[in-house]
$ cat work_15.txt   # compact mmCIF, C-alpha atoms
# COMPACT_ATOMS: atom_id res chain seq x y z
CA MET A 1 0.00 0.00 0.00
CA ALA A 2 1.68 3.20 -1.20
CA GLY A 3 2.49 5.74 1.52
CA GLY A 4 1.60 3.40 4.36
CA THR A 5 1.88 -0.10 5.78
CA ASP A 6 0.26 -3.13 4.25
CA GLU A 7 -2.14 -4.37 6.96
CA ARG A 8 -1.26 -7.96 6.03
CA GLU A 9 2.36 -7.39 7.04
CA ALA A 10 3.76 -7.11 10.55
CA PRO A 11 3.83 -3.40 11.46
CA ARG A 12 7.14 -1.58 11.74
CA ALA A 13 8.08 1.68 13.42
CA PRO A 14 7.40 4.69 11.14
CA THR A 15 10.23 6.14 9.07
CA GLY A 16 12.52 8.28 11.17
CA THR A 17 11.58 6.65 14.48
CA ARG A 18 13.04 3.76 16.42
CA ASP A 19 12.35 1.45 19.33
CA LEU A 20 14.72 1.83 22.26
CA LEU A 21 15.28 -1.50 23.99
CA TRP A 22 17.25 -2.69 27.00
CA PRO A 23 20.14 -2.15 27.65
CA GLU A 24 20.35 0.94 25.41
CA SER A 25 17.21 2.29 27.09
CA TRP A 26 19.04 2.10 30.44
CA ARG A 27 21.86 4.17 28.97
CA PHE A 28 19.35 6.71 27.66
CA GLU A 29 17.63 7.03 31.04
CA THR A 30 20.98 7.21 32.82
CA MET A 31 21.96 10.20 30.68
CA VAL A 32 18.70 11.92 31.61
CA GLU A 33 19.31 11.17 35.28
CA ARG A 34 22.87 12.48 35.05
CA PHE A 35 21.55 15.68 33.48
CA ARG A 36 18.87 16.04 36.18
CA ALA A 37 21.42 15.76 38.98
CA HIS A 38 23.79 18.16 37.20
CA VAL A 39 21.30 20.95 36.55
CA GLU A 40 19.34 20.64 39.78
CA ALA A 41 22.62 21.16 41.63
CA ALA A 42 22.72 24.54 39.85
CA GLY A 43 19.20 25.52 40.91
CA TYR A 44 17.14 24.33 37.94
CA GLY A 45 13.76 22.64 38.39
CA LEU A 46 11.91 20.26 36.07
CA VAL A 47 9.15 21.52 33.77
CA GLN A 48 7.02 19.14 31.71
CA SER A 49 5.01 20.65 28.87
CA PRO A 50 2.57 18.93 26.48
CA VAL A 51 3.92 17.07 23.47
CA PHE A 52 1.50 19.11 21.35
CA GLU A 53 0.66 22.81 21.49
CA HIS A 54 -1.49 25.27 19.61
CA ALA A 55 0.35 25.73 16.31
CA SER A 56 0.45 29.47 16.90
CA VAL A 57 2.95 28.96 19.75
CA PHE A 58 5.59 27.87 17.26
CA ARG A 59 4.48 30.09 14.39
CA ARG A 60 4.77 33.17 16.58
CA GLY A 61 7.91 32.06 18.41
CA ILE A 62 10.01 30.37 15.72
CA GLY A 63 8.77 32.46 12.79
CA GLU A 64 6.60 31.83 9.76
CA HIS A 65 9.51 31.75 7.32
CA ASN A 66 11.59 29.15 9.15
CA ASP A 67 11.98 25.68 7.64
CA VAL A 68 10.93 24.07 10.93
CA VAL A 69 7.51 25.73 10.69
CA GLY A 70 7.17 25.79 6.91
CA LYS A 71 8.43 22.29 6.08
CA GLU A 72 9.01 20.10 9.12
CA MET A 73 6.40 20.80 11.80
CA TYR A 74 3.64 18.21 12.22
CA GLU A 75 0.57 20.45 12.11
CA PHE A 76 -3.04 19.27 12.11
CA ALA A 77 -6.62 20.15 12.98
CA ASP A 78 -7.99 18.10 15.86
CA ARG A 79 -11.56 16.85 16.14
CA ASP A 80 -12.62 20.23 17.55
CA GLY A 81 -11.09 22.09 14.62
CA GLN A 82 -8.19 23.55 16.64
CA MET A 83 -4.90 23.88 14.78
CA LEU A 84 -2.32 21.98 16.82
CA ALA A 85 1.32 21.04 16.27
CA LEU A 86 3.54 18.32 17.67
CA ARG A 87 6.38 20.00 19.56
CA PRO A 88 9.31 20.57 17.12
CA GLU A 89 11.56 22.34 19.67
CA GLY A 90 11.65 22.87 23.40
CA THR A 91 12.05 26.57 24.17
CA ALA A 92 8.76 27.95 22.86
CA SER A 93 6.76 25.40 24.90
CA VAL A 94 8.61 26.28 28.11
CA VAL A 95 8.13 29.99 27.52
CA ARG A 96 4.43 29.46 26.79
CA ALA A 97 4.20 27.66 30.15
CA TYR A 98 5.84 30.66 31.82
CA VAL A 99 3.45 33.14 30.19
CA GLN A 100 0.47 31.02 31.27
CA HIS A 101 1.48 30.26 34.86
CA ARG A 102 3.76 33.19 35.77
CA PRO A 103 6.18 31.47 38.19
CA VAL A 104 8.29 33.77 40.35
CA LEU A 105 11.28 35.27 38.55
CA PRO A 106 14.04 34.42 38.05
CA TRP A 107 12.76 31.07 36.80
CA LYS A 108 15.35 28.37 36.12
CA ALA A 109 13.83 25.32 34.41
CA TRP A 110 15.07 22.13 32.80
CA TYR A 111 13.35 19.58 30.60
CA ALA A 112 13.84 16.23 28.89
CA ALA A 113 11.39 15.93 26.02
CA PRO A 114 10.66 14.20 22.71
CA LEU A 115 10.69 16.55 19.71
CA LEU A 116 9.07 15.73 16.38
CA ARG A 117 9.98 17.06 12.94
CA HIS A 118 9.17 15.68 9.51
CA GLU A 119 12.73 15.95 8.24
CA ARG A 120 15.09 13.62 6.45
CA PRO A 121 16.41 11.13 9.03
CA GLN A 122 20.12 11.59 9.67
CA ALA A 123 22.79 9.94 11.75
CA ALA A 124 21.68 10.09 15.41
CA ARG A 125 18.83 12.42 14.38
CA TYR A 126 15.36 10.99 13.99
CA ARG A 127 11.94 12.44 13.19
CA GLN A 128 11.20 11.75 16.82
CA HIS A 129 14.31 12.61 18.76
CA HIS A 130 14.87 13.62 22.37
CA GLN A 131 16.33 16.73 23.86
CA LEU A 132 17.73 17.85 27.19
CA GLY A 133 17.57 21.55 27.86
CA ILE A 134 17.56 24.39 30.34
CA GLU A 135 15.84 27.78 30.19
CA VAL A 136 16.26 30.81 32.46
CA LEU A 137 13.77 33.67 32.42
CA GLY A 138 14.04 37.03 34.13
CA ILE A 139 17.80 37.71 34.07
CA ALA A 140 19.55 39.89 31.45
CA ASP A 141 23.02 39.69 33.04
CA PRO A 142 25.68 38.36 30.59
CA ASP A 143 27.21 36.43 33.50
CA LEU A 144 24.12 34.21 33.30
CA ASP A 145 25.03 33.48 29.67
CA VAL A 146 28.38 32.25 30.97
CA GLU A 147 26.66 30.04 33.56
CA VAL A 148 24.40 28.49 30.93
CA ILE A 149 27.36 27.72 28.68
CA TRP A 150 29.25 26.28 31.67
CA VAL A 151 26.31 23.99 32.50
CA ALA A 152 26.44 22.54 28.99
CA GLN A 153 30.23 22.24 28.90
CA ALA A 154 30.49 20.63 32.33
CA PHE A 155 27.81 18.08 31.45
CA LEU A 156 29.58 17.07 28.23
CA ALA A 157 32.87 16.76 30.10
CA GLY A 158 31.15 14.72 32.81
CA LEU A 159 30.12 12.14 30.21
CA GLY A 160 33.80 11.68 29.44
CA LEU A 161 33.76 13.59 26.14
CA THR A 162 36.90 15.52 25.25
CA ASN A 163 36.78 15.95 21.46
CA TYR A 164 34.44 18.90 21.11
CA SER A 165 34.67 22.63 20.48
CA LEU A 166 32.66 25.71 21.41
CA ARG A 167 31.71 28.56 19.08
CA VAL A 168 30.24 31.80 20.38
CA GLY A 169 28.60 34.67 18.49
CA SER A 170 25.92 37.33 18.75
CA MET A 171 22.60 37.95 17.01
CA GLY A 172 22.44 41.59 18.10
CA ASP A 173 19.14 43.09 19.25
CA ARG A 174 16.25 45.22 18.03
CA LYS A 175 18.47 48.27 17.80
CA CYS A 176 21.31 46.94 15.69
CA ARG A 177 19.92 43.96 13.80
CA PRO A 178 17.48 45.80 11.45
CA GLY A 179 20.28 47.83 9.89
CA TYR A 180 22.38 44.72 9.45
CA LEU A 181 19.48 42.86 7.80
CA GLU A 182 19.10 45.65 5.27
CA GLU A 183 22.78 45.44 4.35
CA LEU A 184 22.67 41.66 4.21
CA ALA A 185 19.60 41.73 1.95
CA ARG A 186 21.38 44.08 -0.46
CA TYR A 187 24.40 41.79 -0.52
CA LEU A 188 22.27 38.70 -1.18
CA ALA A 189 20.34 40.48 -3.92
CA ALA A 190 23.64 41.14 -5.68
CA HIS A 191 24.49 37.42 -5.43
CA GLU A 192 20.98 36.04 -5.92
CA GLY A 193 21.93 33.89 -8.89
CA GLU A 194 24.65 32.15 -6.88
CA LEU A 195 22.31 30.98 -4.09
CA CYS A 196 20.78 27.53 -3.92
CA GLU A 197 17.48 27.19 -5.71
CA GLU A 198 15.42 27.39 -2.53
CA HIS A 199 16.96 30.60 -1.22
CA ARG A 200 16.97 32.54 -4.48
CA VAL A 201 13.43 33.53 -3.55
CA ARG A 202 13.12 32.82 0.16
CA TYR A 203 16.06 34.99 1.23
CA ARG A 204 13.85 38.06 0.87
CA ALA A 205 11.60 36.91 3.73
CA ASN A 206 14.44 35.93 6.07
CA PRO A 207 17.93 36.84 4.82
CA MET A 208 19.68 35.23 7.80
CA ARG A 209 18.39 31.80 6.79
CA VAL A 210 20.93 31.86 3.96
CA LEU A 211 23.75 32.11 6.50
CA ASP A 212 22.45 28.96 8.19
CA CYS A 213 22.03 26.99 4.95
CA LYS A 214 24.30 23.94 4.60
CA ARG A 215 24.26 23.77 0.78
CA VAL A 216 27.56 24.49 -0.95
CA GLU A 217 26.16 27.37 -3.03
CA CYS A 218 24.82 29.29 -0.04
CA ARG A 219 27.88 28.57 2.08
CA SER A 220 30.07 30.07 -0.62
CA VAL A 221 27.95 33.24 -0.76
CA ALA A 222 27.75 33.43 3.05
CA ALA A 223 31.54 33.38 3.34
CA GLY A 224 31.69 36.86 1.82
CA ALA A 225 28.56 38.26 3.46
CA PRO A 226 28.71 41.14 5.96
CA LYS A 227 29.09 39.94 9.56
CA LEU A 228 26.58 40.80 12.25
CA VAL A 229 29.28 41.20 14.90
CA ASP A 230 30.64 44.12 12.86
CA HIS A 231 27.27 45.90 13.20
CA LEU A 232 26.59 45.43 16.93
CA CYS A 233 25.48 48.43 18.94
CA ASP A 234 27.49 49.46 22.01
CA ASP A 235 25.22 47.56 24.41
CA CYS A 236 25.45 44.31 22.44
CA THR A 237 29.20 44.71 22.06
CA ALA A 238 29.61 45.16 25.81
CA HIS A 239 27.36 42.15 26.46
CA LEU A 240 29.41 39.91 24.17
CA SER A 241 32.68 41.14 25.69
CA ARG A 242 31.47 40.27 29.18
CA VAL A 243 30.56 36.75 28.01
CA GLU A 244 34.02 36.30 26.49
CA GLU A 245 35.67 37.51 29.71
CA GLY A 246 33.58 35.07 31.76
CA LEU A 247 34.46 32.08 29.59
CA ASP A 248 38.15 33.01 29.82
CA ALA A 249 37.86 33.29 33.60
CA LEU A 250 36.40 29.76 33.79
CA GLY A 251 39.03 28.35 31.45
CA ILE A 252 36.45 27.30 28.85
CA PRO A 253 38.10 27.40 25.41
CA PHE A 254 35.96 28.93 22.64
CA GLU A 255 36.12 30.49 19.21
CA LEU A 256 34.37 33.78 18.45
CA ASP A 257 32.51 32.95 15.22
CA PRO A 258 31.12 35.97 13.35
CA GLY A 259 29.20 33.61 11.05
CA LEU A 260 27.31 31.80 13.80
CA VAL A 261 23.57 32.42 13.34
CA ARG A 262 20.25 30.84 14.26
CA GLY A 263 17.22 30.66 12.00
CA PHE A 264 14.65 31.06 14.79
CA ASP A 265 13.21 34.57 15.08
CA TYR A 266 13.41 34.66 18.85
CA TYR A 267 17.20 34.70 19.25
CA THR A 268 18.96 37.88 20.45
CA ARG A 269 22.53 38.62 21.49
CA THR A 270 24.52 35.61 22.74
CA LEU A 271 24.61 32.47 20.59
CA PHE A 272 26.69 29.37 21.22
CA GLU A 273 27.17 25.89 19.82
CA PHE A 274 29.15 22.85 20.93
CA ALA A 275 30.26 20.52 18.12
CA SER A 276 31.87 17.10 18.27
CA GLY A 277 35.12 16.45 16.45
CA ALA A 278 34.58 12.70 16.63
CA ILE A 279 31.52 12.32 14.39
CA GLU A 280 30.64 13.34 10.84
CA ALA A 281 31.03 17.10 10.45
CA ALA A 282 27.62 17.60 8.82
CA GLN A 283 25.90 16.04 11.85
CA ASN A 284 28.25 17.00 14.67
CA ALA A 285 26.26 19.63 16.60
CA LEU A 286 25.94 18.44 20.21
CA CYS A 287 24.31 21.43 21.87
CA GLY A 288 23.15 24.88 20.83
CA GLY A 289 21.50 27.81 22.49
CA GLY A 290 21.45 31.48 23.21
CA ARG A 291 19.45 34.49 24.35
CA TYR A 292 15.83 35.14 23.39
CA ASP A 293 14.99 38.38 25.15
CA GLY A 294 11.91 39.03 23.00
CA LEU A 295 10.24 35.61 22.99
CA VAL A 296 8.02 36.16 26.03
CA GLU A 297 6.56 39.24 24.35
CA MET A 298 6.02 37.30 21.11
CA LEU A 299 3.88 34.85 23.09
CA GLY A 300 1.82 37.53 24.81
CA GLY A 301 3.78 38.16 28.01
CA ASP A 302 5.51 41.19 29.45
CA PRO A 303 9.09 41.98 28.35
CA THR A 304 11.23 39.30 30.02
CA PRO A 305 14.80 38.31 29.15
CA GLY A 306 15.59 34.65 28.61
CA ILE A 307 18.37 32.27 27.68
CA GLY A 308 18.78 28.51 27.33
CA PHE A 309 20.11 25.59 25.33
CA GLY A 310 19.01 22.28 23.85
CA MET A 311 21.11 19.11 23.63
CA GLY A 312 20.07 16.10 21.55
CA ILE A 313 20.29 12.89 23.55
CA GLU A 314 20.78 10.67 20.50
CA ARG A 315 23.50 12.95 19.12
CA ALA A 316 25.30 13.08 22.48
CA LEU A 317 25.19 9.29 22.77
CA GLY A 318 26.57 9.03 19.23
CA ALA A 319 29.50 11.23 20.24
CA CYS A 320 30.04 9.04 23.32
CA ASP A 321 30.17 5.97 21.09
CA ALA A 322 32.68 7.67 18.79
CA GLU A 323 34.93 8.50 21.75
CA GLY A 324 34.37 5.19 23.55
CA VAL A 325 32.93 6.74 26.71
CA PHE A 326 29.70 6.39 28.72
CA PRO A 327 29.12 2.73 27.74
CA ALA A 328 25.89 0.81 28.14
CA ALA A 329 26.46 -1.06 31.42
CA PRO A 330 23.13 -1.57 33.16
CA PRO A 331 23.15 -2.67 36.80
CA ARG A 332 23.11 -6.43 37.27
CA LEU A 333 20.62 -8.27 39.42
CA ASP A 334 21.71 -9.03 42.95
CA VAL A 335 19.78 -12.23 43.34
CA PHE A 336 17.68 -14.70 41.35
CA VAL A 337 15.23 -17.01 43.14
CA VAL A 338 15.06 -20.62 41.88
CA ASP A 339 12.06 -22.49 43.28
CA THR A 340 11.37 -26.09 42.22
CA ALA A 341 8.94 -26.78 45.06
CA GLY A 342 5.81 -25.24 43.56
CA GLY A 343 6.74 -21.56 43.57
CA GLU A 344 5.09 -20.62 46.87
CA THR A 345 8.40 -19.64 48.49
CA ALA A 346 9.53 -17.61 45.47
CA ARG A 347 6.17 -15.82 45.38
CA VAL A 348 6.76 -14.44 48.90
CA LEU A 349 10.55 -14.26 49.02
CA THR A 350 11.11 -12.21 45.83
CA PRO A 351 9.04 -9.17 46.96
CA ARG A 352 10.68 -9.41 50.38
CA LEU A 353 14.14 -9.15 48.81
CA ARG A 354 13.07 -6.14 46.71
CA GLU A 355 11.60 -4.40 49.76
CA ALA A 356 15.03 -4.84 51.42
CA GLY A 357 16.60 -2.83 48.59
CA LEU A 358 17.95 -5.76 46.58
CA ARG A 359 17.53 -6.19 42.82
CA ALA A 360 15.74 -9.51 42.57
CA ASP A 361 13.93 -11.64 40.00
CA ARG A 362 12.60 -15.20 39.75
CA ALA A 363 11.50 -17.89 37.32
CA PHE A 364 7.87 -18.76 36.59
CA GLU A 365 5.82 -21.58 35.06
CA GLY A 366 7.31 -24.39 37.19
CA ARG A 367 10.43 -24.87 35.08
CA SER A 368 13.05 -27.50 35.89
CA MET A 369 16.07 -26.81 38.07
CA LYS A 370 18.32 -26.80 35.00
CA ALA A 371 16.13 -24.35 33.12
CA GLN A 372 15.82 -22.02 36.11
CA MET A 373 19.57 -22.02 36.73
CA LYS A 374 20.11 -21.07 33.08
CA LEU A 375 17.78 -18.13 33.59
CA ALA A 376 19.64 -17.17 36.75
CA ASP A 377 22.96 -17.18 34.93
CA ARG A 378 21.56 -15.26 31.93
CA SER A 379 20.10 -12.60 34.23
CA GLY A 380 23.58 -11.62 35.44
CA ALA A 381 22.57 -12.13 39.06
CA VAL A 382 25.41 -12.40 41.56
CA VAL A 383 23.62 -14.88 43.83
CA ALA A 384 21.03 -17.61 43.31
CA LEU A 385 18.60 -18.58 46.06
CA ILE A 386 17.53 -22.18 45.62
CA VAL A 387 14.41 -23.70 47.14
CA GLY A 388 13.65 -27.35 46.47
CA PRO A 389 11.22 -29.69 48.23
CA LYS A 390 13.72 -30.28 51.07
CA GLU A 391 14.25 -26.55 51.68
CA ALA A 392 10.53 -25.87 51.47
CA ALA A 393 9.87 -28.52 54.12
CA THR A 394 12.56 -27.23 56.51
CA GLY A 395 12.05 -23.47 55.94
CA THR A 396 15.59 -23.01 54.61
CA VAL A 397 17.07 -21.48 51.47
CA VAL A 398 20.33 -22.39 49.70
CA VAL A 399 22.48 -19.33 48.92
CA ARG A 400 24.70 -20.08 45.90
CA PRO A 401 27.23 -17.49 44.64
CA LEU A 402 27.23 -17.45 40.83
CA ARG A 403 30.14 -15.16 39.93
CA ASN A 404 33.07 -15.76 42.29
CA GLY A 405 33.17 -19.50 42.89
CA GLY A 406 32.18 -19.09 46.52
CA VAL A 407 30.78 -21.86 48.66
CA GLN A 408 27.03 -22.25 48.89
CA GLU A 409 25.28 -22.48 52.23
CA ALA A 410 21.82 -23.27 53.54
CA VAL A 411 20.35 -20.60 55.80
CA PRO A 412 17.03 -20.19 57.63
CA GLY A 413 14.44 -18.25 55.63
CA SER A 414 14.47 -15.51 58.28
CA SER A 415 18.20 -14.89 57.66
CA VAL A 416 18.22 -14.93 53.86
CA VAL A 417 18.50 -11.15 53.34
CA ASP A 418 21.59 -10.91 55.56
CA ALA A 419 23.10 -13.97 53.86
CA VAL A 420 22.59 -12.45 50.42
CA ARG A 421 24.21 -9.20 51.51
CA ARG A 422 27.24 -11.07 52.83
CA ALA A 423 27.58 -12.93 49.55
CA LEU A 424 27.31 -9.68 47.59
CA GLU A 425 30.00 -8.03 49.70
CA GLU A 426 32.36 -10.90 48.91
CA ALA A 427 31.61 -10.79 45.16
CA PRO A 428 34.02 -9.13 42.67
CA GLY A 429 33.31 -5.42 42.26
CA ALA A 430 31.25 -5.19 45.44
CA THR A 431 30.42 -1.69 46.65
CA ALA A 432 30.60 -1.28 50.40
CA GLY A 433 27.69 0.40 52.10
CA ARG A 434 25.41 0.11 49.06
CA TRP A 435 22.36 -0.53 51.22

$ encode --input "work_15.txt" --output "structure tokens"
Amino acid sequence: MAGGTDEREAPRAPTGTRDLLWPESWRFETMVERFRAHVEAAGYGLVQSPVFEHASVFRRGIGEHNDVVGKEMYEFADRDGQMLALRPEGTASVVRAYVQHRPVLPWKAWYAAPLLRHERPQAARYRQHHQLGIEVLGIADPDLDVEVIWVAQAFLAGLGLTNYSLRVGSMGDRKCRPGYLEELARYLAAHEGELCEEHRVRYRANPMRVLDCKRVECRSVAAGAPKLVDHLCDDCTAHLSRVEEGLDALGIPFELDPGLVRGFDYYTRTLFEFASGAIEAAQNALCGGGRYDGLVEMLGGDPTPGIGFGMGIERALGACDAEGVFPAAPPRLDVFVVDTAGGETARVLTPRLREAGLRADRAFEGRSMKAQMKLADRSGAVVALIVGPKEAATGTVVVRPLRNGGVQEAVPGSSVVDAVRRALEEAPGATAGRW
């Protein structure tokens, strides 16, 4: 069936999506948890916004002439006739939540969210991908820009990544950008025939999109285009200088990139981007962000400065793979219960072990001793607890170490938790005081 899935065939995940299975899903969740601990230590709190919004949130925030809105956003009318859109980026949703609920300023928020764009699937970039991000509203101080960049840099370093670089630039503000856009438009008009086919017409609506285009033709034209940093007003120049001083003070290496731009309408002043040197250059952006001091107003709120960044989880994991860091190493089970006496003991003992803080599992369906021991070994458990008819009759349990060749022992059922803990402490790689 053209454009869809033949109902007679087994269904597959839609193009540009994927299923995330164990143990890779553990690695994914561990990265989110690492990020949570990192940003909450800096005063950020979790915000969860809907996966779909009124389409106007993104049209007003990102801009009508942006490819994300014009080509990639999943937009649809629901059963009530409302025009909705699946969330293509994180910032506009968080700012909409601020405008609606008005939390006390300054507001420091973080999120971990799926984003959806109908774009050509790329390496470590899917039509449904996932993003970590932070947003801060209510502070215009350039030292906050430095903090936000530090948060991103320190997180990447904490994953073990070393092969990445930081570029910093400025988008100017309402005072200095209009004059620059006029000059840029004149320059592009003079080189219109050299632009890629798409931008020969579209540059008139948003000239800065050409500077962000990855096609060879536009990149060649952009190389000779006037630079926004050469047109900054005094306030924007001072702001950028303070950011540079702060990064130097923290020892964070960076490159001032006059050509760094963003296609979203809401960006002002500071821009930054971290890129990996270990993965394909065309798909190497790890994290990007900047200031958006006018976005709250665009979405109907009072003038409120803001800044943040977004980091793709899939892209960050791809960089970790390329550098051989942050491997998928899910925690092993502590104990596996093998019950060949009807399962009554396992039914009670397994929850008891879990309530004691141990990672425990068991076999079902009355399998043989051999089959259950195979399951115990496959589970990675450190210890097996064995209950046969003899143990069931005497109220005992056999504790058998599985990983260090230790000696098994039979213990009373009332002492099994302590016996398991002793066996775990004697196992290779044991962590003292875990419980």

$ atom_distance --input "work_15.txt" --atom1 "CA of Pro178 (chain A)" --atom2 "CA of Ala238 (chain A)"
18.8 Å

$ closest_residue --input "work_15.txt" --among "A:Asp248, A:Glu24, A:Asp418, A:Glu183" --to "Trp150 (chain A)" --atoms "only C-alpha atoms"
A:Asp248

$ closest_residue --input "work_15.txt" --among "A:Leu132, A:Ala423, A:Ala154, A:Ile307" --to "Phe28 (chain A)" --atoms "all atoms listed in the file"
A:Leu132

$ residues_around --input "work_15.txt" --residues "Glu72 (chain A)" --least-positions-apart "2" --cutoff "6 Å" --atoms "all atoms listed in the file" --output "list of chain:residue names"
A:Val68, A:Arg117, A:His118, A:Glu119

$ atom_distance --input "work_15.txt" --atom1 "CA of Pro330 (chain A)" --atom2 "CA of Ala13 (chain A)"
25.0 Å

$ residues_around --input "work_15.txt" --residues "region 319-322 of chain A" --least-positions-apart "4" --cutoff "8 Å" --atoms "all atoms listed in the file" --output "MDAnalysis selection string"
chainID A and resid 159:161 276 278:279 315 326:327

$ residues_around --input "work_15.txt" --residues "Leu247 (chain A)" --least-positions-apart "3" --cutoff "12 Å" --atoms "only C-alpha atoms" --output "NGL selection string"
:A and (142-151 or 153 or 166-168 or 240-244 or 250-256 or 272)

$ residues_around --input "work_15.txt" --residues "Gly342 (chain A)" --least-positions-apart "5" --cutoff "10 Å" --atoms "all atoms listed in the file" --output "ChimeraX atom specification"
/A:347,364-367,387-389,392

$ closest_residue --input "work_15.txt" --among "A:Cys233, A:Val420, A:Cys196, A:Val51" --to "Cys218 (chain A)" --atoms "only C-alpha atoms"
A:Cys196

$ residues_near_point --input "work_15.txt" --point "(23.9, 27.3, 23.2)" --cutoff "7 Å" --atoms "all atoms listed in the file" --output "VMD selection string"
chain A and resid 149 271 to 273 287 to 290 308 to 309

$ closest_residue --input "work_15.txt" --among "A:Arg36, A:Arg102, A:Arg18, A:His130" --to "Ala316 (chain A)" --atoms "all atoms listed in the file"
A:His130

$ residues_around --input "work_15.txt" --residues "Val335 (chain A)" --least-positions-apart "3" --cutoff "6 Å" --atoms "only C-alpha atoms" --output "list in words"
Ala360, Ala381, Val382, Val383 and Ala384 of chain A

$ residues_near_point --input "work_15.txt" --point "(22.7, 46.9, 27.2)" --cutoff "10 Å" --atoms "only C-alpha atoms" --output "ChimeraX atom specification"
/A:140-142,173,233-239

$ closest_atom_pairs --input "work_15.txt" --of "region 81-131 of chain A" --to "region 297-302 of chain A" --cutoff "10 Å" --atoms "all atoms listed in the file" --output "Markdown table"
| residue | atom | partner | partner_atom | distance |
| --- | --- | --- | --- | --- |
| A:Ala92 | CA | A:Leu299 | CA | 8.5 |
| A:Val95 | CA | A:Leu299 | CA | 7.8 |
| A:Arg96 | CA | A:Leu299 | CA | 6.6 |
| A:Tyr98 | CA | A:Gly301 | CA | 8.7 |
| A:Val99 | CA | A:Gly301 | CA | 5.5 |
| A:Gln100 | CA | A:Gly301 | CA | 8.5 |
| A:Arg102 | CA | A:Gly301 | CA | 9.2 |

$ closest_residue --input "work_15.txt" --among "A:Val397, A:Ala249, A:Ala157, A:Ile134" --to "Gln48 (chain A)" --atoms "all atoms listed in the file"
A:Ile134

$ build_atoms --input "work_15.txt" --residues "region 196-211 of chain A" --atoms "N, CA and C atoms" --output "PDB file, in the frame of the given file"
ATOM      1  N   CYS A 196      21.471  28.770  -3.584  1.00  0.00           N
ATOM      2  CA  CYS A 196      20.780  27.530  -3.920  1.00  0.00           C
ATOM      3  C   CYS A 196      19.376  27.855  -4.396  1.00  0.00           C
ATOM      4  N   GLU A 197      18.777  26.930  -5.075  1.00  0.00           N
ATOM      5  CA  GLU A 197      17.480  27.190  -5.710  1.00  0.00           C
ATOM      6  C   GLU A 197      16.428  27.650  -4.709  1.00  0.00           C
ATOM      7  N   GLU A 198      16.422  27.046  -3.542  1.00  0.00           N
ATOM      8  CA  GLU A 198      15.420  27.390  -2.530  1.00  0.00           C
ATOM      9  C   GLU A 198      15.547  28.843  -2.074  1.00  0.00           C
ATOM     10  N   HIS A 199      16.775  29.295  -1.835  1.00  0.00           N
ATOM     11  CA  HIS A 199      16.960  30.600  -1.220  1.00  0.00           C
ATOM     12  C   HIS A 199      17.025  31.758  -2.215  1.00  0.00           C
ATOM     13  N   ARG A 200      16.993  31.460  -3.498  1.00  0.00           N
ATOM     14  CA  ARG A 200      16.970  32.540  -4.480  1.00  0.00           C
ATOM     15  C   ARG A 200      15.711  33.393  -4.332  1.00  0.00           C
ATOM     16  N   VAL A 201      14.679  32.804  -3.794  1.00  0.00           N
ATOM     17  CA  VAL A 201      13.430  33.530  -3.550  1.00  0.00           C
ATOM     18  C   VAL A 201      13.217  33.763  -2.062  1.00  0.00           C
ATOM     19  N   ARG A 202      13.484  32.757  -1.261  1.00  0.00           N
ATOM     20  CA  ARG A 202      13.120  32.820   0.160  1.00  0.00           C
ATOM     21  C   ARG A 202      14.025  33.754   0.962  1.00  0.00           C
ATOM     22  N   TYR A 203      15.181  34.118   0.450  1.00  0.00           N
ATOM     23  CA  TYR A 203      16.060  34.990   1.230  1.00  0.00           C
ATOM     24  C   TYR A 203      15.425  36.327   1.514  1.00  0.00           C
ATOM     25  N   ARG A 204      14.469  36.754   0.678  1.00  0.00           N
ATOM     26  CA  ARG A 204      13.850  38.060   0.870  1.00  0.00           C
ATOM     27  C   ARG A 204      13.022  38.094   2.164  1.00  0.00           C
ATOM     28  N   ALA A 205      12.423  36.962   2.519  1.00  0.00           N
ATOM     29  CA  ALA A 205      11.600  36.910   3.730  1.00  0.00           C
ATOM     30  C   ALA A 205      12.460  36.809   4.986  1.00  0.00           C
ATOM     31  N   ASN A 206      13.577  36.113   4.899  1.00  0.00           N
ATOM     32  CA  ASN A 206      14.440  35.930   6.070  1.00  0.00           C
ATOM     33  C   ASN A 206      15.884  35.786   5.590  1.00  0.00           C
ATOM     34  N   PRO A 207      16.572  36.913   5.368  1.00  0.00           N
ATOM     35  CA  PRO A 207      17.930  36.840   4.820  1.00  0.00           C
ATOM     36  C   PRO A 207      18.894  35.990   5.647  1.00  0.00           C
ATOM     37  N   MET A 208      18.729  35.950   6.960  1.00  0.00           N
ATOM     38  CA  MET A 208      19.680  35.230   7.800  1.00  0.00           C
ATOM     39  C   MET A 208      19.590  33.719   7.629  1.00  0.00           C
ATOM     40  N   ARG A 209      18.491  33.233   7.052  1.00  0.00           N
ATOM     41  CA  ARG A 209      18.390  31.800   6.790  1.00  0.00           C
ATOM     42  C   ARG A 209      19.474  31.346   5.824  1.00  0.00           C
ATOM     43  N   VAL A 210      19.880  32.225   4.911  1.00  0.00           N
ATOM     44  CA  VAL A 210      20.930  31.860   3.960  1.00  0.00           C
ATOM     45  C   VAL A 210      22.230  31.558   4.700  1.00  0.00           C
ATOM     46  N   LEU A 211      22.513  32.310   5.751  1.00  0.00           N
ATOM     47  CA  LEU A 211      23.750  32.110   6.500  1.00  0.00           C
ATOM     48  C   LEU A 211      23.759  30.792   7.254  1.00  0.00           C
TER      49      LEU A 211
END
